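Trainee: TSV, C-alpha atoms, saved as my_file.tsv, coming up:
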chain	number	residue	atom	x	y	z
A	1	MET	CA	-49.37	-13.14	-18.14
A	2	ILE	CA	-46.96	-10.90	-16.28
A	3	THR	CA	-44.60	-12.42	-13.73
A	4	THR	CA	-41.97	-10.73	-11.64
A	5	LYS	CA	-39.31	-12.69	-9.82
A	6	ALA	CA	-37.39	-11.27	-6.83
A	7	LEU	CA	-37.67	-7.81	-8.30
A	8	SER	CA	-35.74	-5.06	-6.52
A	9	PHE	CA	-35.27	-1.41	-7.33
A	10	GLY	CA	-34.06	1.73	-5.59
A	11	TYR	CA	-33.55	5.25	-6.84
A	12	SER	CA	-30.41	5.50	-4.69
A	13	ALA	CA	-28.50	3.23	-2.34
A	14	PHE	CA	-30.13	5.04	0.56
A	15	ARG	CA	-33.62	4.83	-0.81
A	16	PRO	CA	-34.60	1.31	-1.83
A	17	VAL	CA	-38.19	1.25	-3.08
A	18	LEU	CA	-39.10	-2.26	-4.14
A	19	HIS	CA	-37.53	-5.24	-2.50
A	20	ASN	CA	-37.94	-8.85	-3.57
A	21	ILE	CA	-41.27	-8.51	-5.37
A	22	SER	CA	-42.50	-11.81	-6.80
A	23	LEU	CA	-45.87	-11.46	-8.41
A	24	LYS	CA	-48.04	-13.24	-10.97
A	25	LEU	CA	-50.74	-11.36	-12.86
A	26	ASP	CA	-53.03	-13.35	-15.16
A	27	LYS	CA	-54.96	-12.24	-18.21
A	28	GLY	CA	-58.72	-12.08	-17.99
A	29	HIS	CA	-58.63	-9.89	-14.90
A	30	ILE	CA	-58.66	-6.28	-13.81
A	31	HIS	CA	-56.01	-6.11	-11.13
A	32	GLY	CA	-56.04	-3.41	-8.48
A	33	LEU	CA	-52.56	-2.45	-7.28
A	34	LEU	CA	-52.83	-0.87	-3.84
A	35	GLY	CA	-50.29	0.43	-1.36
A	36	CYS	CA	-49.43	3.42	0.80
A	37	ASN	CA	-47.71	6.51	-0.61
A	38	GLY	CA	-44.11	5.89	-1.57
A	39	ILE	CA	-44.37	2.09	-1.39
A	40	GLY	CA	-43.42	1.72	-5.07
A	41	LYS	CA	-46.63	1.18	-7.06
A	42	THR	CA	-45.61	3.58	-9.80
A	43	THR	CA	-42.07	2.18	-9.82
A	44	LEU	CA	-43.47	-1.34	-10.21
A	45	LEU	CA	-45.64	-0.28	-13.15
A	46	LYS	CA	-42.63	1.39	-14.78
A	47	LEU	CA	-40.59	-1.82	-14.35
A	48	ILE	CA	-43.40	-3.98	-15.73
A	49	SER	CA	-43.85	-1.69	-18.74
A	50	GLY	CA	-40.12	-1.60	-19.46
A	51	ILE	CA	-39.74	2.16	-18.92
A	52	MET	CA	-37.18	1.32	-16.23
A	53	ARG	CA	-34.99	-1.74	-15.76
A	54	PRO	CA	-34.87	-3.71	-12.52
A	55	GLN	CA	-31.64	-3.68	-10.50
A	56	GLN	CA	-32.28	-7.24	-9.39
A	57	GLY	CA	-34.73	-9.89	-10.47
A	58	GLU	CA	-36.71	-10.10	-13.69
A	59	VAL	CA	-39.99	-9.29	-15.35
A	60	ARG	CA	-41.50	-11.77	-17.78
A	61	VAL	CA	-44.36	-11.00	-20.13
A	62	ASP	CA	-46.01	-14.09	-21.62
A	63	GLY	CA	-42.90	-15.98	-20.54
A	64	ILE	CA	-40.45	-13.67	-22.32
A	65	ASP	CA	-37.87	-11.73	-20.31
A	66	LEU	CA	-38.58	-8.03	-20.72
A	67	ALA	CA	-34.82	-7.45	-20.78
A	68	GLU	CA	-34.79	-8.95	-24.30
A	69	ARG	CA	-36.69	-5.79	-25.35
A	70	ARG	CA	-38.60	-7.52	-28.11
A	71	VAL	CA	-40.98	-5.56	-30.32
A	72	ASP	CA	-43.69	-8.21	-30.09
A	73	THR	CA	-43.62	-7.85	-26.30
A	74	PHE	CA	-43.76	-4.07	-26.20
A	75	ARG	CA	-46.59	-3.77	-28.69
A	76	GLU	CA	-48.79	-5.67	-26.22
A	77	LEU	CA	-47.91	-3.35	-23.32
A	78	MET	CA	-49.31	0.13	-22.78
A	79	ILE	CA	-48.95	2.35	-19.75
A	80	ILE	CA	-50.77	5.55	-18.91
A	81	PRO	CA	-48.67	7.32	-16.28
A	82	GLU	CA	-50.33	9.53	-13.69
A	83	GLU	CA	-48.63	12.57	-15.15
A	84	PHE	CA	-47.68	12.82	-18.78
A	85	ASP	CA	-46.70	15.29	-21.47
A	86	LEU	CA	-48.36	15.09	-24.83
A	87	PRO	CA	-47.32	17.23	-27.80
A	88	ASN	CA	-49.51	20.16	-28.81
A	89	ILE	CA	-51.23	18.39	-31.67
A	90	SER	CA	-54.69	16.85	-31.98
A	91	LEU	CA	-55.42	13.37	-30.65
A	92	ASP	CA	-56.10	12.25	-34.21
A	93	ARG	CA	-52.64	13.42	-35.28
A	94	PHE	CA	-51.06	11.90	-32.16
A	95	ALA	CA	-52.74	8.58	-33.00
A	96	THR	CA	-51.50	8.70	-36.60
A	97	ILE	CA	-47.91	9.16	-35.40
A	98	THR	CA	-47.97	6.72	-32.46
A	99	SER	CA	-50.38	3.96	-33.44
A	100	PRO	CA	-48.01	2.12	-35.85
A	101	PHE	CA	-46.38	0.73	-32.70
A	102	TYR	CA	-49.69	-0.96	-31.87
A	103	PRO	CA	-50.89	-3.22	-34.72
A	104	ARG	CA	-54.43	-3.63	-33.34
A	105	PHE	CA	-55.06	0.12	-33.03
A	106	ASN	CA	-58.56	0.94	-34.25
A	107	ARG	CA	-59.44	4.55	-35.03
A	108	ASN	CA	-63.19	3.87	-34.93
A	109	ASP	CA	-62.77	2.55	-31.40
A	110	MET	CA	-60.88	5.72	-30.45
A	111	HIS	CA	-63.59	7.97	-31.85
A	112	ARG	CA	-66.28	5.97	-30.08
A	113	TYR	CA	-64.41	6.29	-26.76
A	114	CYS	CA	-63.86	10.01	-27.38
A	115	ALA	CA	-67.59	10.44	-27.99
A	116	GLU	CA	-68.36	8.64	-24.71
A	117	PHE	CA	-65.96	10.95	-22.87
A	118	ALA	CA	-67.18	14.03	-24.81
A	119	VAL	CA	-63.64	14.74	-26.01
A	120	ASN	CA	-62.97	16.16	-29.47
A	121	PRO	CA	-60.17	14.17	-31.18
A	122	ALA	CA	-59.57	17.06	-33.60
A	123	GLU	CA	-58.83	19.55	-30.81
A	124	ARG	CA	-55.23	20.39	-29.91
A	125	LEU	CA	-54.21	18.53	-26.75
A	126	HIS	CA	-52.74	21.64	-25.07
A	127	SER	CA	-55.97	23.57	-25.36
A	128	MET	CA	-57.75	20.87	-23.36
A	129	SER	CA	-58.09	20.88	-19.58
A	130	MET	CA	-56.03	18.33	-17.64
A	131	GLY	CA	-59.07	16.06	-17.23
A	132	GLN	CA	-59.98	16.24	-20.93
A	133	ARG	CA	-56.40	15.43	-21.86
A	134	LYS	CA	-56.43	12.40	-19.58
A	135	LYS	CA	-59.65	11.15	-21.15
A	136	ALA	CA	-58.18	11.68	-24.62
A	137	TYR	CA	-55.14	9.63	-23.66
A	138	ILE	CA	-57.30	6.87	-22.15
A	139	ALA	CA	-59.39	6.79	-25.36
A	140	PHE	CA	-56.20	6.36	-27.42
A	141	ALA	CA	-54.77	3.72	-25.07
A	142	LEU	CA	-57.95	1.62	-25.10
A	143	ALA	CA	-58.15	1.86	-28.90
A	144	CYS	CA	-54.65	0.36	-29.18
A	145	ASN	CA	-56.27	-2.92	-28.07
A	146	VAL	CA	-53.15	-4.16	-26.31
A	147	SER	CA	-53.37	-7.29	-24.19
A	148	MET	CA	-51.75	-5.68	-21.13
A	149	LEU	CA	-52.88	-2.20	-20.15
A	150	LEU	CA	-51.30	-0.51	-17.12
A	151	LEU	CA	-53.01	2.54	-15.60
A	152	ASP	CA	-51.49	4.70	-12.87
A	153	GLU	CA	-54.15	6.66	-10.95
A	154	PRO	CA	-56.40	6.82	-14.04
A	155	THR	CA	-59.37	8.48	-12.31
A	156	ASN	CA	-57.36	11.42	-10.95
A	157	GLY	CA	-58.68	14.59	-12.55
A	158	LEU	CA	-61.77	12.90	-14.04
A	159	ASP	CA	-65.12	14.50	-13.25
A	160	ILE	CA	-67.95	12.45	-11.76
A	161	PRO	CA	-69.72	11.43	-15.01
A	162	SER	CA	-66.38	10.57	-16.62
A	163	LYS	CA	-65.60	8.11	-13.82
A	164	GLY	CA	-68.80	6.26	-14.72
A	165	VAL	CA	-67.82	6.25	-18.41
A	166	PHE	CA	-64.34	5.04	-17.44
A	167	ARG	CA	-65.81	2.08	-15.50
A	168	ARG	CA	-68.10	1.09	-18.36
A	169	LEU	CA	-65.34	1.29	-20.98
A	170	LEU	CA	-62.92	-0.74	-18.84
A	171	ALA	CA	-65.58	-3.36	-18.03
A	172	GLY	CA	-66.18	-3.74	-21.78
A	173	TYR	CA	-62.45	-3.84	-22.55
A	174	VAL	CA	-61.20	-6.80	-20.54
A	175	ASP	CA	-61.66	-10.34	-21.84
A	176	ASP	CA	-59.81	-13.66	-21.51
A	177	SER	CA	-56.96	-12.44	-23.71
A	178	ARG	CA	-56.45	-9.13	-21.92
A	179	MET	CA	-55.57	-7.76	-18.52
A	180	VAL	CA	-55.71	-4.33	-16.98
A	181	VAL	CA	-53.63	-3.28	-13.98
A	182	ILE	CA	-54.87	-0.21	-12.13
A	183	SER	CA	-52.78	1.44	-9.45
A	184	THR	CA	-54.85	3.78	-7.30
A	185	HIS	CA	-55.66	5.35	-3.98
A	186	GLN	CA	-59.19	6.17	-5.14
A	187	VAL	CA	-60.59	2.70	-4.44
A	188	ALA	CA	-64.20	3.89	-4.36
A	189	ASP	CA	-63.90	4.94	-8.03
A	190	ILE	CA	-62.99	1.47	-9.25
A	191	GLU	CA	-64.03	-0.98	-6.50
A	192	GLN	CA	-66.62	-2.71	-8.72
A	193	LEU	CA	-64.18	-3.01	-11.62
A	194	LEU	CA	-61.56	-5.05	-9.82
A	195	ASP	CA	-61.59	-8.82	-9.53
A	196	ASN	CA	-58.06	-9.26	-8.23
A	197	ILE	CA	-56.44	-7.28	-5.43
A	198	VAL	CA	-52.70	-6.83	-4.98
A	199	ILE	CA	-51.52	-5.02	-1.85
A	200	LEU	CA	-47.90	-3.90	-1.57
A	201	ASP	CA	-46.22	-3.00	1.70
A	202	GLN	CA	-42.69	-2.50	3.05
A	203	GLN	CA	-42.02	-6.23	2.97
A	204	GLY	CA	-43.24	-6.82	-0.55
A	205	VAL	CA	-46.51	-8.37	-1.74
A	206	ALA	CA	-48.81	-8.52	1.29
A	207	LEU	CA	-51.79	-9.92	-0.63
A	208	ASN	CA	-52.58	-11.15	-4.14
A	209	ALA	CA	-56.07	-12.67	-4.25
A	210	THR	CA	-59.20	-12.59	-6.40
A	211	THR	CA	-62.30	-10.91	-5.02
A	212	ALA	CA	-64.02	-14.34	-5.08
A	213	GLU	CA	-61.26	-15.80	-2.86
A	214	ILE	CA	-61.43	-12.81	-0.53
A	215	GLY	CA	-65.22	-13.14	-0.26
A	216	ALA	CA	-64.89	-16.84	0.56
A	217	LYS	CA	-62.28	-16.29	3.28
A	218	LEU	CA	-63.23	-12.94	4.80
A	219	LYS	CA	-66.39	-11.18	5.83
A	220	PHE	CA	-66.86	-7.41	6.11
A	221	GLY	CA	-69.31	-5.46	8.23
A	222	LYS	CA	-70.63	-5.45	11.76
A	223	ALA	CA	-69.33	-8.25	13.97
A	224	THR	CA	-71.46	-10.37	16.31
A	225	ALA	CA	-70.24	-12.24	19.38
A	226	GLU	CA	-69.61	-15.43	17.37
A	227	ASP	CA	-67.39	-13.76	14.80
A	228	GLU	CA	-63.62	-14.06	14.78
A	229	VAL	CA	-62.67	-10.41	14.34
A	230	LEU	CA	-59.36	-9.87	12.55
A	231	TYR	CA	-59.51	-6.10	12.36
A	232	SER	CA	-62.00	-3.44	13.33
A	233	GLU	CA	-62.36	0.31	13.05
A	234	ARG	CA	-64.79	2.98	14.23
A	235	THR	CA	-66.93	4.53	11.52
A	236	ILE	CA	-70.05	6.65	11.45
A	237	GLN	CA	-72.08	3.45	10.85
A	238	GLY	CA	-70.60	1.87	13.99
A	239	ASP	CA	-67.68	-0.52	14.32
A	240	MET	CA	-66.86	-2.09	10.97
A	241	ALA	CA	-64.87	-5.29	11.07
A	242	VAL	CA	-62.98	-7.73	8.92
A	243	MET	CA	-63.85	-11.24	10.09
A	244	ARG	CA	-63.08	-14.77	9.12
A	245	ASN	CA	-65.86	-16.08	6.87
A	246	VAL	CA	-66.89	-19.46	8.21
A	247	ASP	CA	-70.21	-19.97	6.43
A	248	ASP	CA	-71.26	-19.91	2.76
A	249	GLU	CA	-72.81	-16.46	3.00
A	250	GLU	CA	-70.68	-13.86	1.26
A	251	SER	CA	-70.61	-10.20	2.24
A	252	GLN	CA	-69.81	-7.18	0.10
A	253	LEU	CA	-66.06	-6.71	-0.09
A	254	SER	CA	-64.80	-3.43	1.33
A	255	ILE	CA	-61.41	-2.77	-0.23
A	256	GLU	CA	-60.75	0.05	2.21
A	257	LEU	CA	-61.31	-2.24	5.21
A	258	LEU	CA	-59.30	-5.02	3.57
A	259	PHE	CA	-56.44	-2.62	2.93
A	260	ASN	CA	-56.44	-1.27	6.48
A	261	ALA	CA	-56.68	-4.79	7.90
A	262	THR	CA	-53.77	-5.99	5.78
A	263	THR	CA	-51.68	-2.96	6.71
A	264	ALA	CA	-52.40	-3.36	10.42
A	265	ASN	CA	-52.33	-7.12	10.63
A	266	ARG	CA	-50.33	-8.40	7.67
A	267	ASN	CA	-49.35	-11.81	8.99
A	268	VAL	CA	-52.81	-12.76	10.20
A	269	ILE	CA	-54.41	-11.92	6.84
A	270	ALA	CA	-51.56	-13.57	4.89
A	271	ALA	CA	-51.93	-16.77	6.93
A	272	ILE	CA	-55.64	-17.01	6.12
A	273	PHE	CA	-54.93	-16.86	2.40
A	274	GLU	CA	-52.28	-19.53	2.70
A	275	GLU	CA	-54.86	-21.98	4.11
A	276	ARG	CA	-56.33	-24.08	1.35
B	1	MET	CA	-75.53	1.77	-11.48
B	2	GLN	CA	-75.39	2.41	-7.75
B	3	PHE	CA	-74.52	-0.54	-5.54
B	4	THR	CA	-75.27	-0.95	-1.85
B	5	ASP	CA	-72.71	-2.33	0.59
B	6	ASP	CA	-74.92	-4.90	2.30
B	7	LYS	CA	-74.33	-7.73	-0.20
B	8	PRO	CA	-71.80	-8.70	-2.85
B	9	ILE	CA	-72.05	-7.00	-6.24
B	10	TRP	CA	-72.58	-10.31	-8.05
B	11	ARG	CA	-75.63	-10.85	-5.83
B	12	GLN	CA	-76.98	-7.35	-6.62
B	13	ILE	CA	-76.60	-8.02	-10.35
B	14	TYR	CA	-78.32	-11.40	-9.86
B	15	GLU	CA	-81.26	-9.51	-8.32
B	16	LEU	CA	-81.21	-6.87	-11.07
B	17	ILE	CA	-81.62	-9.61	-13.68
B	18	ALA	CA	-84.25	-11.43	-11.61
B	19	MET	CA	-86.23	-8.18	-11.39
B	20	ARG	CA	-85.99	-7.66	-15.18
B	21	VAL	CA	-87.38	-11.18	-15.63
B	22	LEU	CA	-90.07	-10.69	-12.98
B	23	SER	CA	-91.21	-7.45	-14.62
B	24	THR	CA	-91.22	-9.36	-17.98
B	25	GLU	CA	-88.81	-6.77	-19.43
B	26	TRP	CA	-86.87	-9.90	-20.31
B	27	ALA	CA	-89.50	-12.46	-21.33
B	28	GLU	CA	-89.32	-16.20	-20.71
B	29	GLY	CA	-87.65	-18.01	-23.59
B	30	SER	CA	-85.90	-14.89	-24.89
B	31	ARG	CA	-82.17	-14.36	-25.11
B	32	ILE	CA	-80.69	-11.98	-22.56
B	33	VAL	CA	-77.70	-9.67	-23.07
B	34	SER	CA	-74.27	-11.27	-22.91
B	35	VAL	CA	-72.06	-11.13	-19.82
B	36	ARG	CA	-69.78	-8.61	-21.54
B	37	GLU	CA	-72.64	-6.37	-22.65
B	38	LEU	CA	-74.15	-6.26	-19.17
B	39	ALA	CA	-70.70	-5.69	-17.61
B	40	ALA	CA	-70.17	-2.71	-19.91
B	41	GLU	CA	-73.69	-1.44	-19.19
B	42	VAL	CA	-73.28	-1.42	-15.40
B	43	GLY	CA	-69.50	-0.81	-15.27
B	44	VAL	CA	-68.72	-3.98	-13.37
B	45	ASN	CA	-65.95	-6.54	-13.88
B	46	PRO	CA	-67.17	-9.21	-16.38
B	47	ASN	CA	-65.98	-12.04	-14.10
B	48	THR	CA	-68.23	-10.66	-11.37
B	49	VAL	CA	-71.17	-10.54	-13.81
B	50	MET	CA	-70.29	-14.11	-14.88
B	51	ARG	CA	-70.75	-15.21	-11.26
B	52	SER	CA	-74.25	-13.70	-11.32
B	53	TYR	CA	-75.08	-15.61	-14.52
B	54	GLU	CA	-73.67	-18.87	-13.12
B	55	ASN	CA	-75.79	-18.55	-10.01
B	56	LEU	CA	-78.91	-17.66	-12.03
B	57	GLU	CA	-78.24	-20.73	-14.16
B	58	ARG	CA	-77.77	-22.91	-11.07
B	59	ASP	CA	-81.09	-21.58	-9.71
B	60	GLY	CA	-82.85	-22.44	-12.98
B	61	ILE	CA	-83.73	-18.85	-13.89
B	62	ILE	CA	-81.62	-18.74	-17.04
B	63	PHE	CA	-79.96	-21.41	-19.16
B	64	ASN	CA	-76.99	-21.47	-21.48
B	65	ARG	CA	-77.11	-22.50	-25.11
B	66	ARG	CA	-73.51	-23.16	-26.01
B	67	GLY	CA	-72.21	-20.66	-28.51
B	68	ILE	CA	-75.47	-18.71	-28.62
B	69	GLY	CA	-75.90	-17.20	-25.18
B	70	PHE	CA	-78.11	-17.18	-22.12
B	71	PHE	CA	-81.90	-17.46	-22.27
B	72	VAL	CA	-84.65	-16.93	-19.69
B	73	SER	CA	-86.01	-20.34	-18.59
B	74	GLU	CA	-89.66	-21.27	-19.01
B	75	GLY	CA	-91.41	-20.81	-15.69
B	76	ALA	CA	-88.69	-18.40	-14.47
B	77	VAL	CA	-91.18	-15.75	-13.34
B	78	GLU	CA	-93.06	-18.16	-11.07
B	79	HIS	CA	-89.75	-19.57	-9.86
B	80	ILE	CA	-88.42	-16.13	-8.89
B	81	ARG	CA	-91.70	-15.34	-7.14
B	82	GLY	CA	-91.28	-18.52	-5.10
B	83	LEU	CA	-87.70	-17.61	-4.17
B	84	GLU	CA	-88.72	-14.04	-3.32
B	85	ARG	CA	-91.62	-15.31	-1.17
B	86	GLN	CA	-89.28	-17.64	0.65
B	87	LYS	CA	-86.82	-14.80	1.23
B	88	PHE	CA	-89.62	-12.55	2.48
B	89	MET	CA	-90.91	-15.20	4.90
B	90	GLU	CA	-87.49	-16.16	6.21
B	91	GLU	CA	-85.62	-12.85	6.25
B	92	GLU	CA	-87.81	-9.79	5.78
B	93	LEU	CA	-90.94	-10.83	7.67
B	94	PRO	CA	-89.18	-11.64	10.99
B	95	LYS	CA	-87.57	-8.18	10.89
B	96	LEU	CA	-90.91	-6.58	10.08
B	97	GLN	CA	-92.61	-8.50	12.90
B	98	GLU	CA	-89.93	-7.37	15.31
B	99	ARG	CA	-90.50	-3.76	14.29
B	100	LEU	CA	-94.30	-4.13	14.48
B	101	ALA	CA	-94.08	-5.62	17.95
B	102	LEU	CA	-91.83	-2.75	19.02
B	103	LEU	CA	-94.43	-0.26	17.77
B	104	GLY	CA	-97.36	-2.22	19.27
B	105	LEU	CA	-98.84	-3.09	15.87
B	106	SER	CA	-99.95	-6.40	14.47
B	107	LEU	CA	-100.26	-7.86	11.00
B	108	GLU	CA	-101.48	-11.10	9.57
B	109	VAL	CA	-99.71	-12.65	6.60
B	110	LYS	CA	-101.27	-15.54	4.74
B	111	SER	CA	-98.60	-17.89	3.49
B	112	LYS	CA	-98.90	-19.06	-0.11
B	113	LYS	CA	-96.88	-21.88	-1.58
Starting from the file, lay out its structure as structure tokens.
Mentor:
Amino acid sequence: MITTKALSFGYSAFRPVLHNISLKLDKGHIHGLLGCNGIGKTTLLKLISGIMRPQQGEVRVDGIDLAERRVDTFRELMIIPEEFDLPNISLDRFATITSPFYPRFNRNDMHRYCAEFAVNPAERLHSMSMGQRKKAYIAFALACNVSMLLLDEPTNGLDIPSKGVFRRLLAGYVDDSRMVVISTHQVADIEQLLDNIVILDQQGVALNATTAEIGAKLKFGKATAEDEVLYSERTIQGDMAVMRNVDDEESQLSIELLFNATTANRNVIAAIFEER
Amino acid sequence: MQFTDDKPIWRQIYELIAMRVLSTEWAEGSRIVSVRELAAEVGVNPNTVMRSYENLERDGIIFNRRGIGFFVSEGAVEHIRGLERQKFMEEELPKLQERLALLGLSLEVKSKK
């Protein structure tokens, strides 16, 4: 479990990014971290992974303060940044050098993931395209079998078939002892993978709810006269709305609509999730 | 797998499994793939697939043998047919009748229990 308490961070006194973020992320889920550009998603992932230290507040991983910088904490944490530099060696060589930090690393797993992505682990990383390199890194990260995997815009640069492979590998990765946190703007790529949605805005955490909770409380689609419309927008299919769900029937969750509704009408949506 | 946006994904996976049972691809009495295997096959969150299995179990289409896995119930095919008939009569037929009336056509459906 990852918890943050009153976490604040700014790159300068004039540019605070995160303010008072208190968040609880459980294992057994694939969490989607959503927010507008510049709201601090990447910063939050860097704080959670220990790459940066918070200016105020704390991050706890399985109850242990990340500030203690314990080896047994860091070997369960892996982050794939959106942009990264890898040395000009093969993935196999990279894994040999780096995997001792991750006791559950499994080379067979890595080769299996590479085969799924059609990436050659013996090829030098610099001779690969950006997309190939990203897939190679994802294959390595998954094979480390850490219990907390953080991915920043993982589908950027992936071709269409690779996005399908990515979804299947991630769906097979998560279990009760593991969590994945995915920060993204490409919600359509990973909508079906997520079962918990975290939305960040200027004021902090605007929403942190499972897709089952969202489906029980909200309804998405075309509104009728009886519906209590919380948010609505014009689309090519007509007016699409977010409504209060008052019956047992559940609609398909639209993360895009949910996001826009939360951005436009934060307090109304937040109040609905506070009702028990 | 491609999903539509008219019903929740867990419901679409429920129907995918029901169709595999109805087509006898998954025979009555046989063990079906685990939640994790199906999640990895269709690229969907395992908790979402678990909801499909729980609902199939609640509807008597599959059952759980602790520690072994999920199996297709005896009589599941007939049971699904009944549920599908009910859905057709209550949801699809009224829409069809509306459309037929609009086009000036008529159709007689004999109800079967």
Trainee: Do a neighbour search on region 197-212 of chain A at 6 Å with all atoms listed in the file, toss out local chain neighbours closer than 3 positions, and write the hits as an NGL selection string.
Mentor: :A and (21 or 31-35 or 215)
Trainee: Report, in Å to a single decimal, how far apart CA of Phe105 (chain A) and CA of Asn145 (chain A) are.
Mentor: 5.9 Å
Trainee: Using all atoms listed in the file, what table do you get, as CSV, when you list each residue of chain A with an atom no more than 12 Å from chain B, its nearest pair of atoms, and their distance in Å rounded to one decimal, rows by chain then rising number?
Mentor:
residue,atom,partner,partner_atom,distance
A:Lys27,CA,B:Asn47,CA,11.8
A:Gly28,CA,B:Asn47,CA,8.2
A:His29,CA,B:Asn47,CA,7.7
A:Ile30,CA,B:Asn45,CA,7.3
A:His31,CA,B:Asn45,CA,10.3
A:Gly32,CA,B:Asn45,CA,11.7
A:Pro161,CA,B:Met1,CA,11.8
A:Ser162,CA,B:Gly43,CA,11.9
A:Lys163,CA,B:Gly43,CA,9.8
A:Gly164,CA,B:Gly43,CA,7.1
A:Val165,CA,B:Gly43,CA,7.9
A:Phe166,CA,B:Gly43,CA,8.1
A:Arg167,CA,B:Gly43,CA,4.7
A:Arg168,CA,B:Gly43,CA,3.9
A:Leu169,CA,B:Ala40,CA,6.4
A:Leu170,CA,B:Gly43,CA,7.5
A:Ala171,CA,B:Ala40,CA,5.0
A:Gly172,CA,B:Ala40,CA,4.5
A:Tyr173,CA,B:Ala40,CA,8.2
A:Val174,CA,B:Pro46,CA,7.7
A:Asp175,CA,B:Pro46,CA,7.8
A:Asp176,CA,B:Asn47,CA,9.8
A:Met179,CA,B:Asn45,CA,11.4
A:Val180,CA,B:Asn45,CA,10.9
A:Ala188,CA,B:Phe3,CA,11.3
A:Asp189,CA,B:Gly43,CA,10.8
A:Ile190,CA,B:Val44,CA,8.9
A:Glu191,CA,B:Val44,CA,8.8
A:Gln192,CA,B:Val44,CA,5.3
A:Leu193,CA,B:Asn45,CA,4.5
A:Leu194,CA,B:Asn45,CA,6.2
A:Asp195,CA,B:Asn45,CA,6.6
A:Asn196,CA,B:Asn45,CA,10.1
A:Thr210,CA,B:Asn47,CA,10.3
A:Thr211,CA,B:Thr48,CA,8.7
A:Ala212,CA,B:Thr48,CA,8.4
A:Ile214,CA,B:Pro8,CA,11.4
A:Gly215,CA,B:Pro8,CA,8.3
A:Ala216,CA,B:Pro8,CA,11.2
A:Lys219,CA,B:Pro8,CA,10.5
A:Phe220,CA,B:Asp6,CA,9.3
A:Gly221,CA,B:Asp6,CA,8.2
A:Lys222,CA,B:Asp6,CA,10.4
A:Gln237,CA,B:Asp5,CA,11.8
A:Met240,CA,B:Asp5,CA,11.9
A:Glu249,CA,B:Lys7,CA,9.4
A:Glu250,CA,B:Pro8,CA,6.7
A:Ser251,CA,B:Lys7,CA,5.1
A:Gln252,CA,B:Pro8,CA,3.9
A:Leu253,CA,B:Pro8,CA,6.7
A:Ser254,CA,B:Asp5,CA,8.0
A:Ile255,CA,B:Asp5,CA,11.3
Trainee: Pull C-alpha atoms from the residues just selected and write them as a short mmCIF file (atom, residue, chain, number, x, y, z; two decimals), keeping the file's coordinate frame.
Mentor:
data_model
loop_
_atom_site.label_atom_id
_atom_site.label_comp_id
_atom_site.auth_asym_id
_atom_site.auth_seq_id
_atom_site.Cartn_x
_atom_site.Cartn_y
_atom_site.Cartn_z
CA LYS A 27 -54.96 -12.24 -18.21
CA GLY A 28 -58.72 -12.08 -17.99
CA HIS A 29 -58.63 -9.89 -14.90
CA ILE A 30 -58.66 -6.28 -13.81
CA HIS A 31 -56.01 -6.11 -11.13
CA GLY A 32 -56.04 -3.41 -8.48
CA PRO A 161 -69.72 11.43 -15.01
CA SER A 162 -66.38 10.57 -16.62
CA LYS A 163 -65.60 8.11 -13.82
CA GLY A 164 -68.80 6.26 -14.72
CA VAL A 165 -67.82 6.25 -18.41
CA PHE A 166 -64.34 5.04 -17.44
CA ARG A 167 -65.81 2.08 -15.50
CA ARG A 168 -68.10 1.09 -18.36
CA LEU A 169 -65.34 1.29 -20.98
CA LEU A 170 -62.92 -0.74 -18.84
CA ALA A 171 -65.58 -3.36 -18.03
CA GLY A 172 -66.18 -3.74 -21.78
CA TYR A 173 -62.45 -3.84 -22.55
CA VAL A 174 -61.20 -6.80 -20.54
CA ASP A 175 -61.66 -10.34 -21.84
CA ASP A 176 -59.81 -13.66 -21.51
CA MET A 179 -55.57 -7.76 -18.52
CA VAL A 180 -55.71 -4.33 -16.98
CA ALA A 188 -64.20 3.89 -4.36
CA ASP A 189 -63.90 4.94 -8.03
CA ILE A 190 -62.99 1.47 -9.25
CA GLU A 191 -64.03 -0.98 -6.50
CA GLN A 192 -66.62 -2.71 -8.72
CA LEU A 193 -64.18 -3.01 -11.62
CA LEU A 194 -61.56 -5.05 -9.82
CA ASP A 195 -61.59 -8.82 -9.53
CA ASN A 196 -58.06 -9.26 -8.23
CA THR A 210 -59.20 -12.59 -6.40
CA THR A 211 -62.30 -10.91 -5.02
CA ALA A 212 -64.02 -14.34 -5.08
CA ILE A 214 -61.43 -12.81 -0.53
CA GLY A 215 -65.22 -13.14 -0.26
CA ALA A 216 -64.89 -16.84 0.56
CA LYS A 219 -66.39 -11.18 5.83
CA PHE A 220 -66.86 -7.41 6.11
CA GLY A 221 -69.31 -5.46 8.23
CA LYS A 222 -70.63 -5.45 11.76
CA GLN A 237 -72.08 3.45 10.85
CA MET A 240 -66.86 -2.09 10.97
CA GLU A 249 -72.81 -16.46 3.00
CA GLU A 250 -70.68 -13.86 1.26
CA SER A 251 -70.61 -10.20 2.24
CA GLN A 252 -69.81 -7.18 0.10
CA LEU A 253 -66.06 -6.71 -0.09
CA SER A 254 -64.80 -3.43 1.33
CA ILE A 255 -61.41 -2.77 -0.23
#
Trainee: Please provide the set of residues having any atom within 12 Å of Tyr11 (chain A), restricted to all atoms listed in the file, with same-chain residues fewer than 6 positions apart removed, written as an mmCIF file with C-alpha atoms, in the frame of the given file.
Mentor:
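Saved as out.cif:
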data_model
loop_
_atom_site.group_PDB
_atom_site.id
_atom_site.type_symbol
_atom_site.label_atom_id
_atom_site.label_comp_id
_atom_site.auth_asym_id
_atom_site.auth_seq_id
_atom_site.Cartn_x
_atom_site.Cartn_y
_atom_site.Cartn_z
ATOM 1 C CA VAL A 17 -38.190 1.250 -3.080
ATOM 2 C CA LEU A 18 -39.100 -2.260 -4.140
ATOM 3 C CA GLY A 38 -44.110 5.890 -1.570
ATOM 4 C CA GLY A 40 -43.420 1.720 -5.070
ATOM 5 C CA THR A 43 -42.070 2.180 -9.820
ATOM 6 C CA MET A 52 -37.180 1.320 -16.230
ATOM 7 C CA ARG A 53 -34.990 -1.740 -15.760
ATOM 8 C CA PRO A 54 -34.870 -3.710 -12.520
ATOM 9 C CA GLN A 55 -31.640 -3.680 -10.500
#
